[in-house]
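Pasting input-v3.pdb here (PDB, C-alpha atoms):
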ATOM      1  CA  ALA A   1       0.000   0.000   0.000
ATOM      2  CA  GLY A   2       2.849   2.351   0.757
ATOM      3  CA  GLU A   3       4.411   1.765  -2.656
ATOM      4  CA  THR A   4       1.264   1.774  -4.780
ATOM      5  CA  GLY A   5      -0.419   4.666  -2.986
ATOM      6  CA  ILE A   6      -3.646   2.696  -2.690
ATOM      7  CA  GLY A   7      -6.119   3.945  -0.091
ATOM      8  CA  LEU A   8      -5.915   0.900   2.161
ATOM      9  CA  THR A   9      -8.693  -0.383   4.390
ATOM     10  CA  LEU A  10      -7.137  -3.343   6.189
ATOM     11  CA  LEU A  11      -9.588  -6.033   7.305
ATOM     12  CA  PRO A  12      -7.993  -8.858   9.302
ATOM     13  CA  VAL A  13     -10.205 -11.943   8.986
ATOM     14  CA  HIS A  14     -11.572 -14.194  11.709
ATOM     15  CA  TYR A  15     -12.016 -17.720  10.341
ATOM     16  CA  GLN A  16     -12.327 -20.413  13.015
ATOM     17  CA  PHE A  17     -14.562 -23.253  11.804
ATOM     18  CA  GLY A  18     -15.169 -25.329   8.689
ATOM     19  CA  GLY A  19     -18.957 -25.064   8.986
ATOM     20  CA  CYS A  20     -21.936 -24.189  11.148
ATOM     21  CA  ASP A  21     -21.479 -27.418  13.110
ATOM     22  CA  MET A  22     -18.117 -25.987  14.265
ATOM     23  CA  ARG A  23     -16.152 -28.753  12.558
ATOM     24  CA  PRO A  24     -12.378 -28.218  12.341
ATOM     25  CA  LEU A  25     -10.904 -26.397   9.402
ATOM     26  CA  GLY A  26      -9.918 -28.527   6.437
ATOM     27  CA  PRO A  27      -6.322 -28.822   5.143
ATOM     28  CA  GLY A  28      -6.818 -25.965   2.678
ATOM     29  CA  GLN A  29      -8.224 -23.668   5.361
ATOM     30  CA  ILE A  30      -5.793 -24.149   8.228
ATOM     31  CA  ARG A  31      -3.288 -21.663   6.815
ATOM     32  CA  PHE A  32      -5.679 -18.756   7.397
ATOM     33  CA  GLY A  33      -7.510 -20.097  10.452
ATOM     34  CA  THR A  34      -7.757 -18.105  13.695
ATOM     35  CA  THR A  35      -8.938 -18.696  17.221
ATOM     36  CA  PRO A  36     -10.707 -15.777  18.955
ATOM     37  CA  ASP A  37      -7.517 -14.904  20.856
ATOM     38  CA  GLY A  38      -5.412 -15.368  17.729
ATOM     39  CA  PHE A  39      -7.673 -13.041  15.794
ATOM     40  CA  MET A  40      -7.424 -10.334  18.448
ATOM     41  CA  ASP A  41      -3.626 -10.653  18.312
ATOM     42  CA  LEU A  42      -3.797 -10.322  14.523
ATOM     43  CA  HIS A  43      -5.990  -7.244  14.818
ATOM     44  CA  ALA A  44      -3.590  -5.631  17.318
ATOM     45  CA  ALA A  45      -0.628  -6.382  15.056
ATOM     46  CA  SER A  46      -2.497  -4.879  12.108
ATOM     47  CA  ARG A  47      -3.019  -1.677  14.051
ATOM     48  CA  LYS A  48       0.749  -1.404  14.582
ATOM     49  CA  VAL A  49       1.475  -2.047  10.914
ATOM     50  CA  ILE A  50      -0.875   0.598   9.541
ATOM     51  CA  ALA A  51       0.617   3.211  11.877
ATOM     52  CA  THR A  52       3.482   3.401   9.360
ATOM     53  CA  LEU A  53       1.141   4.165   6.448
ATOM     54  CA  PRO A  54      -0.525   7.435   5.366
ATOM     55  CA  SER A  55      -3.260   8.933   7.523
ATOM     56  CA  ASP A  56      -6.068   7.866   5.177
ATOM     57  CA  THR A  57      -5.449   4.188   6.061
ATOM     58  CA  VAL A  58      -8.384   2.522   7.846
ATOM     59  CA  LEU A  59      -8.553  -0.553  10.085
ATOM     60  CA  GLY A  60     -11.681  -2.691  10.228
ATOM     61  CA  ALA A  61     -12.438  -6.369  10.675
ATOM     62  CA  ALA A  62     -13.934  -9.284   8.777
ATOM     63  CA  PRO A  63     -15.732 -12.177  10.464
ATOM     64  CA  HIS A  64     -15.597 -14.381   7.378
ATOM     65  CA  SER A  65     -19.108 -15.851   7.353
ATOM     66  CA  LEU A  66     -21.778 -17.403   9.541
ATOM     67  CA  ARG A  67     -20.239 -20.773   8.760
ATOM     68  CA  ALA A  68     -16.729 -19.792   9.837
ATOM     69  CA  VAL A  69     -17.350 -18.041  13.186
ATOM     70  CA  SER A  70     -19.426 -18.769  16.263
ATOM     71  CA  THR A  71     -22.154 -16.452  17.524
ATOM     72  CA  GLU A  72     -19.806 -15.345  20.300
ATOM     73  CA  GLY A  73     -16.942 -14.837  17.844
ATOM     74  CA  LEU A  74     -19.098 -12.715  15.561
ATOM     75  CA  ARG A  75     -20.264 -10.609  18.479
ATOM     76  CA  GLN A  76     -16.668 -10.071  19.626
ATOM     77  CA  VAL A  77     -15.510  -8.948  16.190
ATOM     78  CA  ALA A  78     -18.546  -6.687  15.781
ATOM     79  CA  THR A  79     -17.523  -4.695  18.872
ATOM     80  CA  LEU A  80     -14.334  -3.529  17.162
ATOM     81  CA  PRO A  81     -14.362  -0.069  15.567
ATOM     82  CA  GLY A  82     -14.294   0.498  11.832
ATOM     83  CA  PRO A  83     -15.887  -1.236   8.855
ATOM     84  CA  LEU A  84     -17.158  -4.816   9.146
ATOM     85  CA  HIS A  85     -17.111  -7.070   6.084
ATOM     86  CA  MET A  86     -18.638 -10.554   5.956
ATOM     87  CA  HIS A  87     -19.678 -13.053   3.290
ATOM     88  CA  LEU A  88     -23.428 -13.594   3.423
ATOM     89  CA  ALA A  89     -25.987 -15.624   1.460
ATOM     90  CA  GLU A  90     -23.499 -16.482  -1.257
ATOM     91  CA  GLN A  91     -24.312 -20.106  -2.154
ATOM     92  CA  LEU A  92     -27.288 -22.452  -1.965
ATOM     93  CA  ALA A  93     -25.263 -24.872   0.163
ATOM     94  CA  GLU A  94     -24.619 -22.060   2.642
ATOM     95  CA  ILE A  95     -28.318 -21.251   2.897
ATOM     96  CA  GLU A  96     -29.156 -24.892   3.575
ATOM     97  CA  GLU A  97     -26.404 -25.310   6.179
ATOM     98  CA  VAL A  98     -27.299 -22.159   8.097
ATOM     99  CA  GLN A  99     -30.995 -23.045   8.018
ATOM    100  CA  ALA A 100     -30.305 -26.552   9.296
ATOM    101  CA  VAL A 101     -28.536 -25.176  12.368
ATOM    102  CA  THR A 102     -30.354 -21.896  13.104
ATOM    103  CA  ARG A 103     -33.789 -22.482  11.481
ATOM    104  CA  LYS A 104     -33.234 -19.149   9.762
ATOM    105  CA  ARG A 105     -31.844 -18.050   6.439
ATOM    106  CA  PRO A 106     -28.489 -16.204   6.770
ATOM    107  CA  VAL A 107     -29.860 -12.692   6.154
ATOM    108  CA  GLU A 108     -32.795 -13.287   8.489
ATOM    109  CA  TRP A 109     -30.511 -14.577  11.243
ATOM    110  CA  LEU A 110     -28.015 -11.736  10.952
ATOM    111  CA  LEU A 111     -30.664  -9.012  11.032
ATOM    112  CA  GLU A 112     -32.248 -10.580  14.122
ATOM    113  CA  HIS A 113     -29.018 -11.075  16.066
ATOM    114  CA  GLU A 114     -26.726  -8.176  15.105
ATOM    115  CA  ASN A 115     -27.132  -4.432  14.864
ATOM    116  CA  VAL A 116     -26.550  -4.260  11.125
ATOM    117  CA  ASP A 117     -26.009  -0.654  10.074
ATOM    118  CA  ASP A 118     -23.871   1.420   7.750
ATOM    119  CA  ARG A 119     -20.634  -0.035   9.164
ATOM    120  CA  TRP A 120     -21.426  -3.376   7.558
ATOM    121  CA  CYS A 121     -20.543  -4.577   4.077
ATOM    122  CA  LEU A 122     -22.152  -7.929   3.274
ATOM    123  CA  ILE A 123     -20.365  -9.676   0.449
ATOM    124  CA  HIS A 124     -22.193 -11.352  -2.466
ATOM    125  CA  CYS A 125     -25.779 -11.674  -1.118
ATOM    126  CA  THR A 126     -26.679 -13.593  -4.260
ATOM    127  CA  GLN A 127     -29.150 -15.894  -2.487
ATOM    128  CA  MET A 128     -31.728 -13.526  -0.978
ATOM    129  CA  GLN A 129     -35.494 -13.677  -1.083
ATOM    130  CA  PRO A 130     -37.366 -10.418  -1.809
ATOM    131  CA  HIS A 131     -38.206  -9.731   1.860
ATOM    132  CA  GLU A 132     -34.535 -10.185   2.772
ATOM    133  CA  THR A 133     -33.420  -7.867  -0.008
ATOM    134  CA  LEU A 134     -35.719  -5.095   1.206
ATOM    135  CA  ALA A 135     -34.867  -5.569   4.894
ATOM    136  CA  LEU A 136     -31.117  -5.593   4.343
ATOM    137  CA  ALA A 137     -31.311  -2.579   2.019
ATOM    138  CA  ALA A 138     -33.179  -0.663   4.733
ATOM    139  CA  SER A 139     -30.391  -1.354   7.259
ATOM    140  CA  GLY A 140     -27.989   1.027   5.509
ATOM    141  CA  ALA A 141     -25.411  -1.723   4.956
ATOM    142  CA  VAL A 142     -23.500  -1.995   1.687
ATOM    143  CA  ALA A 143     -23.859  -5.024  -0.560
ATOM    144  CA  GLY A 144     -20.290  -5.857  -1.552
ATOM    145  CA  LEU A 145     -20.743  -7.214  -5.067
ATOM    146  CA  CYS A 146     -18.210  -9.224  -7.056
ATOM    147  CA  PRO A 147     -20.186  -9.918 -10.264
ATOM    148  CA  ILE A 148     -17.337 -11.528 -12.226
ATOM    149  CA  THR A 149     -16.523 -13.837  -9.318
ATOM    150  CA  GLU A 150     -20.175 -14.640  -8.687
ATOM    151  CA  ALA A 151     -20.637 -15.563 -12.348
ATOM    152  CA  ASN A 152     -17.413 -17.555 -12.488
ATOM    153  CA  LEU A 153     -18.310 -19.580  -9.387
ATOM    154  CA  GLY A 154     -21.944 -19.994 -10.406
ATOM    155  CA  ASP A 155     -23.119 -18.413  -7.156
ATOM    156  CA  GLY A 156     -26.188 -16.722  -8.578
ATOM    157  CA  ILE A 157     -27.484 -13.280  -9.553
ATOM    158  CA  PHE A 158     -27.760 -10.449  -7.055
ATOM    159  CA  ASP A 159     -31.215  -8.864  -6.916
ATOM    160  CA  GLY A 160     -29.796  -5.540  -8.034
ATOM    161  CA  LEU A 161     -32.923  -3.916  -9.397
ATOM    162  CA  ARG A 162     -35.020  -4.489  -6.279
ATOM    163  CA  TRP A 163     -32.068  -3.561  -4.032
ATOM    164  CA  MET A 164     -31.219  -0.273  -5.727
ATOM    165  CA  ASP A 165     -34.850   0.769  -6.169
ATOM    166  CA  ALA A 166     -35.211   0.306  -2.390
ATOM    167  CA  GLY A 167     -32.288   2.660  -1.765
ATOM    168  CA  GLY A 168     -29.774  -0.125  -1.165
ATOM    169  CA  ARG A 169     -26.092   0.748  -1.389
ATOM    170  CA  ILE A 170     -23.541  -1.189  -3.448
ATOM    171  CA  GLY A 171     -19.784  -1.499  -3.522
ATOM    172  CA  ILE A 172     -17.821  -3.284  -6.240
ATOM    173  CA  GLY A 173     -14.886  -5.585  -5.612
ATOM    174  CA  SER A 174     -13.361  -8.931  -6.475
ATOM    175  CA  ASP A 175     -13.268 -12.169  -4.523
ATOM    176  CA  SER A 176     -11.535 -14.664  -6.799
ATOM    177  CA  ASN A 177      -9.404 -11.936  -8.458
ATOM    178  CA  LEU A 178     -10.016 -13.749 -11.745
ATOM    179  CA  ARG A 179     -10.157 -10.375 -13.493
ATOM    180  CA  LEU A 180      -9.650  -6.919 -11.998
ATOM    181  CA  SER A 181     -11.666  -4.341 -13.909
ATOM    182  CA  LEU A 182     -14.207  -1.902 -12.535
ATOM    183  CA  ALA A 183     -15.918  -1.485 -15.911
ATOM    184  CA  GLU A 184     -16.250  -5.236 -16.408
ATOM    185  CA  GLU A 185     -17.669  -5.736 -12.917
ATOM    186  CA  LEU A 186     -20.315  -3.051 -13.486
ATOM    187  CA  ARG A 187     -21.088  -4.441 -16.937
ATOM    188  CA  GLN A 188     -21.517  -7.957 -15.555
ATOM    189  CA  LEU A 189     -23.841  -6.648 -12.830
ATOM    190  CA  ASP A 190     -26.089  -4.864 -15.308
ATOM    191  CA  HIS A 191     -26.108  -7.675 -17.867
ATOM    192  CA  SER A 192     -27.068 -10.203 -15.201
ATOM    193  CA  GLN A 193     -30.178  -8.172 -14.375
ATOM    194  CA  ARG A 194     -31.176  -7.995 -18.041
ATOM    195  CA  LEU A 195     -30.637 -11.719 -18.586
ATOM    196  CA  ARG A 196     -32.641 -12.701 -15.523
ATOM    197  CA  ASP A 197     -35.596 -10.420 -16.220
ATOM    198  CA  HIS A 198     -35.527 -10.377 -20.046
ATOM    199  CA  SER A 199     -35.221  -6.591 -19.888
ATOM    200  CA  ARG A 200     -33.130  -3.774 -21.323
ATOM    201  CA  ALA A 201     -31.517  -0.824 -19.545
ATOM    202  CA  ALA A 202     -32.751  -2.448 -16.332
ATOM    203  CA  LEU A 203     -30.895  -0.144 -13.953
ATOM    204  CA  ALA A 204     -31.359   3.151 -15.800
ATOM    205  CA  THR A 205     -33.753   5.774 -14.435
ATOM    206  CA  ALA A 206     -35.430   8.830 -15.928
ATOM    207  CA  GLU A 207     -32.687  10.967 -14.348
ATOM    208  CA  GLN A 208     -29.609   8.758 -14.788
ATOM    209  CA  SER A 209     -28.268   6.493 -17.489
ATOM    210  CA  THR A 210     -27.233   2.999 -16.448
ATOM    211  CA  GLY A 211     -23.548   3.879 -16.515
ATOM    212  CA  ARG A 212     -23.969   6.977 -14.365
ATOM    213  CA  ARG A 213     -26.239   5.266 -11.858
ATOM    214  CA  LEU A 214     -23.883   2.326 -11.416
ATOM    215  CA  PHE A 215     -20.709   4.412 -11.298
ATOM    216  CA  GLU A 216     -22.045   6.890  -8.758
ATOM    217  CA  ALA A 217     -23.582   4.132  -6.621
ATOM    218  CA  ALA A 218     -20.348   2.140  -6.616
ATOM    219  CA  SER A 219     -18.301   5.238  -5.759
ATOM    220  CA  ALA A 220     -20.457   6.189  -2.780
ATOM    221  CA  GLY A 221     -21.024   2.637  -1.568
ATOM    222  CA  GLY A 222     -17.392   1.677  -2.004
ATOM    223  CA  ALA A 223     -16.277   4.632   0.095
ATOM    224  CA  GLN A 224     -18.796   3.698   2.797
ATOM    225  CA  ALA A 225     -17.682   0.064   2.789
ATOM    226  CA  ALA A 226     -14.068   1.146   3.124
ATOM    227  CA  GLY A 227     -14.864   3.540   5.966
ATOM    228  CA  ARG A 228     -13.308   6.216   3.813
ATOM    229  CA  ALA A 229     -14.239   9.891   3.521
ATOM    230  CA  SER A 230     -14.504   9.712  -0.224
ATOM    231  CA  GLY A 231     -16.879   8.732  -3.014
ATOM    232  CA  ALA A 232     -17.576  12.226  -4.354
ATOM    233  CA  ILE A 233     -15.821  15.490  -5.168
ATOM    234  CA  ALA A 234     -16.710  17.694  -2.218
ATOM    235  CA  PRO A 235     -15.051  19.772   0.522
ATOM    236  CA  GLY A 236     -13.687  17.683   3.369
ATOM    237  CA  LEU A 237     -13.374  14.450   1.377
ATOM    238  CA  TRP A 238     -10.166  12.759   0.278
ATOM    239  CA  GLY A 239      -9.046  13.532  -3.265
ATOM    240  CA  ASP A 240      -9.804  10.075  -4.674
ATOM    241  CA  LEU A 241     -10.122  10.858  -8.366
ATOM    242  CA  LEU A 242     -10.200   8.950 -11.635
ATOM    243  CA  ALA A 243      -9.800  10.600 -15.028
ATOM    244  CA  LEU A 244     -10.806   8.829 -18.224
ATOM    245  CA  ASP A 245      -8.804   9.279 -21.395
ATOM    246  CA  THR A 246     -11.193  11.382 -23.480
ATOM    247  CA  ALA A 247      -8.828  10.948 -26.442
ATOM    248  CA  HIS A 248      -9.558   7.201 -26.445
ATOM    249  CA  VAL A 249     -11.179   6.296 -29.767
ATOM    250  CA  ASP A 250     -14.219   4.726 -28.069
ATOM    251  CA  LEU A 251     -14.821   7.884 -26.021
ATOM    252  CA  GLU A 252     -14.705  10.233 -28.997
ATOM    253  CA  GLY A 253     -17.525  12.747 -28.717
ATOM    254  CA  ARG A 254     -18.823  11.304 -25.474
ATOM    255  CA  VAL A 255     -19.834  13.620 -22.617
ATOM    256  CA  VAL A 256     -21.553  13.341 -19.240
ATOM    257  CA  ASP A 257     -23.751  10.197 -19.084
ATOM    258  CA  THR A 258     -22.706   8.879 -22.484
ATOM    259  CA  LEU A 259     -19.074   9.020 -21.347
ATOM    260  CA  LEU A 260     -19.816   6.792 -18.350
ATOM    261  CA  ASP A 261     -22.039   4.522 -20.437
ATOM    262  CA  SER A 262     -19.205   4.003 -22.916
ATOM    263  CA  PHE A 263     -16.761   3.258 -20.101
ATOM    264  CA  VAL A 264     -19.085   0.729 -18.448
ATOM    265  CA  PHE A 265     -20.417  -1.005 -21.562
ATOM    266  CA  ALA A 266     -17.556  -0.733 -24.058
ATOM    267  CA  GLY A 267     -14.524   0.029 -21.956
ATOM    268  CA  GLY A 268     -12.000  -1.282 -19.506
ATOM    269  CA  ASN A 269      -8.814  -0.423 -17.673
ATOM    270  CA  ASP A 270      -7.207   0.985 -20.835
ATOM    271  CA  MET A 271      -9.597   3.956 -20.704
ATOM    272  CA  VAL A 272      -8.217   5.121 -17.345
ATOM    273  CA  ALA A 273      -5.692   7.884 -17.834
ATOM    274  CA  GLU A 274      -5.040   9.293 -14.350
ATOM    275  CA  VAL A 275      -5.706   8.194 -10.754
ATOM    276  CA  TRP A 276      -5.256  10.104  -7.520
ATOM    277  CA  SER A 277      -5.609   8.481  -4.098
ATOM    278  CA  ALA A 278      -6.038  10.996  -1.268
ATOM    279  CA  GLY A 279      -4.377  13.476  -3.606
ATOM    280  CA  ARG A 280      -1.476  11.148  -4.418
ATOM    281  CA  HIS A 281      -1.094  11.141  -8.204
ATOM    282  CA  MET A 282      -0.234   7.459  -8.730
ATOM    283  CA  VAL A 283      -1.368   6.748 -12.313
ATOM    284  CA  ARG A 284      -0.160   9.077 -15.044
ATOM    285  CA  GLN A 285      -1.068   8.680 -18.718
ATOM    286  CA  GLY A 286      -2.412   5.204 -18.025
ATOM    287  CA  ARG A 287       0.637   3.863 -16.179
ATOM    288  CA  HIS A 288       1.285   3.520 -12.470
ATOM    289  CA  ILE A 289       4.349   5.537 -11.531
ATOM    290  CA  ALA A 290       6.003   2.467  -9.942
ATOM    291  CA  ARG A 291       4.803  -0.011 -12.571
ATOM    292  CA  ASP A 292       8.174  -1.082 -13.965
ATOM    293  CA  GLY A 293       9.642  -1.864 -10.545
ATOM    294  CA  ILE A 294       6.522  -3.699  -9.361
ATOM    295  CA  ILE A 295       6.391  -5.884 -12.493
ATOM    296  CA  ALA A 296      10.117  -6.677 -12.301
ATOM    297  CA  ARG A 297       9.732  -7.806  -8.691
ATOM    298  CA  TRP A 298       6.667  -9.880  -9.611
ATOM    299  CA  ARG A 299       8.606 -11.669 -12.352
ATOM    300  CA  ARG A 300      11.470 -12.424  -9.943
ATOM    301  CA  THR A 301       8.994 -13.807  -7.413
ATOM    302  CA  GLN A 302       7.355 -16.057 -10.015
ATOM    303  CA  ALA A 303      10.755 -17.288 -11.179
ATOM    304  CA  GLY A 304      11.667 -18.122  -7.587
ATOM    305  CA  LEU A 305       8.480 -20.111  -7.134
ATOM    306  CA  ARG A 306       9.121 -22.080 -10.317
ATOM    307  CA  ASP A 307      12.650 -22.896  -9.204
ATOM    308  CA  ALA A 308      11.681 -23.839  -5.652
TER     309      ALA A 308
END

Before anything else, please render the file you have as structure tokens.
Amino acid sequence: AGETGIGLTLLPVHYQFGGCDMRPLGPGQIRFGTTPDGFMDLHAASRKVIATLPSDTVLGAAPHSLRAVSTEGLRQVATLPGPLHMHLAEQLAEIEEVQAVTRKRPVEWLLEHENVDDRWCLIHCTQMQPHETLALAASGAVAGLCPITEANLGDGIFDGLRWMDAGGRIGIGSDSNLRLSLAEELRQLDHSQRLRDHSRAALATAEQSTGRRLFEAASAGGAQAAGRASGAIAPGLWGDLLALDTAHVDLEGRVVDTLLDSFVFAGGNDMVAEVWSAGRHMVRQGRHIARDGIIARWRRTQAGLRDA
């Protein structure tokens, strides 16, 4: 984070169990497993680490999911300050497992047992019934969407139209890191709504094009999920800015909403010309200022792994 200038929100993860029956972690999970005491040690160590980073760095916490933490463990993590991120209602198997143990669906259980508010970011939420969608949207929490990941893993389609029409807030991220592209994530989100409902321009409104509505929602919701004073250009907020390359051939003649529509539906990372993070000008003319050094180190690391 120090080298790339990224606005870091660090979320140490509590992951104790392999399922709701509190079975031990499997071989592939042990490497990131924590006990309650171990997690608190990790959180304390994280606080020391971020003290060396710029002042816009934020510390939160992430109880991984209802399957991976106990009720007591979730409650303990939820008392910590800062943003709270947790996977919720991602897969059908998760719904069935949580229901078998708690007699409630994951969203229903969480809303009944925790004070879910605007500190929370619930990741995926692809398996919600309409009443859950409306109730969770009303809580002020952010739905942390990873549309490329959710499509790749076959998790399901987020109820984006109902959620956003109810005033629900969204953030955009990646879980599998299969592909890192804001435009592609937003495009996948919108296309999934159209495919499910056999509709067109599903998320557009009379006031906003689809591209503008999605971009502005993701900017505001992403800032909220990160616990970051950002998401808009306004006094008192960090200078987190993105500039598109208006000389790009696919942006020729585009302005205002049509510019954002072209970025979301026909664009990608190559349309980004400049990026500032808390005023730090880190991307210039489409290249990160430390790109060459970062790539060289990455290649050395990969070579070392091959030779190991």

Review point. Looking at all atoms listed in the file, which of A:Leu178, A:Ala100, A:Ala89, A:Ile50 is the one that sits closest to A:Phe158?
Key: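 Closest to A:Phe158, using all atoms listed in the file: A:Ala89.
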
Review point. Which is closest to A:Ala201 among A:Arg187, A:His64, A:Arg23, A:His43, if we use all atoms listed in the file?
Key: A:Arg187

Residues in the PyMOL selection byres ((chain A and resi 67-84) around 7), expressed as a PDB file with C-alpha atoms, in the coordinates of the input:
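Result file is expr34.pdb:
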ATOM      1  CA  TYR A  15     -12.016 -17.720  10.341  1.00  0.00           C
ATOM      2  CA  GLN A  16     -12.327 -20.413  13.015  1.00  0.00           C
ATOM      3  CA  PHE A  17     -14.562 -23.253  11.804  1.00  0.00           C
ATOM      4  CA  GLY A  18     -15.169 -25.329   8.689  1.00  0.00           C
ATOM      5  CA  GLY A  19     -18.957 -25.064   8.986  1.00  0.00           C
ATOM      6  CA  CYS A  20     -21.936 -24.189  11.148  1.00  0.00           C
ATOM      7  CA  PRO A  36     -10.707 -15.777  18.955  1.00  0.00           C
ATOM      8  CA  LEU A  59      -8.553  -0.553  10.085  1.00  0.00           C
ATOM      9  CA  GLY A  60     -11.681  -2.691  10.228  1.00  0.00           C
ATOM     10  CA  ALA A  61     -12.438  -6.369  10.675  1.00  0.00           C
ATOM     11  CA  ALA A  62     -13.934  -9.284   8.777  1.00  0.00           C
ATOM     12  CA  PRO A  63     -15.732 -12.177  10.464  1.00  0.00           C
ATOM     13  CA  HIS A  64     -15.597 -14.381   7.378  1.00  0.00           C
ATOM     14  CA  SER A  65     -19.108 -15.851   7.353  1.00  0.00           C
ATOM     15  CA  LEU A  66     -21.778 -17.403   9.541  1.00  0.00           C
ATOM     16  CA  HIS A  85     -17.111  -7.070   6.084  1.00  0.00           C
ATOM     17  CA  MET A  86     -18.638 -10.554   5.956  1.00  0.00           C
ATOM     18  CA  ARG A 119     -20.634  -0.035   9.164  1.00  0.00           C
ATOM     19  CA  TRP A 120     -21.426  -3.376   7.558  1.00  0.00           C
ATOM     20  CA  CYS A 121     -20.543  -4.577   4.077  1.00  0.00           C
ATOM     21  CA  ALA A 225     -17.682   0.064   2.789  1.00  0.00           C
ATOM     22  CA  ALA A 226     -14.068   1.146   3.124  1.00  0.00           C
ATOM     23  CA  GLY A 227     -14.864   3.540   5.966  1.00  0.00           C
TER      24      GLY A 227
END

**Study point:** Surrounding residues of A:Ser181 excluding itself and chain neighbours under 3 positions, 7 Å, only C-alpha atoms, as a list in words
**Key:**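 Selected residues are Glu184, Glu185, Gly268 and Asn269 of chain A.
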
Review point. Do you know which residues lie at most 10 Å from (5.7, 4.1, 6.3), with coordinates as in the file and all atoms listed in the file counted, and could you write them as a ChimeraX atom specification?
Key: /A:1-3,49-54

Point to revise | Interatomic distance, atom CA of A:Phe215 to atom CA of A:Ala183 (Å, one decimal) | key: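 Separation between atom CA of A:Phe215 and atom CA of A:Ala183: 8.9 Å.
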
Exercise for review: Show which residues sit within 10 Å of A:Gly221, as an MDAnalysis selection string. Count all atoms listed in the file, and ignore same-chain residues fewer than 5 positions away.
Suggested key: chainID A and resid 118 121 141:144 168:172 215:216 226:227 230:231

Exercise for review: Name the residues that the PyMOL selection byres ((chain A and resi 8) around 8) picks from the file above, as a list in words, using the file's chain letters and numbers.
Suggested key: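 That expression, the PyMOL selection byres ((chain A and resi 8) around 8), corresponds here to Ala1, Ile6, Gly7, Thr9, Leu10, Asp56, Thr57 and Val58 of chain A.
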
Exercise for review: Rounded to one decimal place, report the atom CA of A:Ala296-atom CA of A:Phe32 distance in Å.
Suggested key: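 Atom CA of A:Phe32 lies at a distance of 28.0 Å from atom CA of A:Ala296.
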
Practice item. Might you pull out every residue within 8 Å of A:Ser262, with only C-alpha atoms counted and same-chain residues fewer than 6 positions away left off, and present them as a list in words? Key: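 In the requested format, the answer is Gly211, Asp250, Leu251 and Arg254 of chain A.
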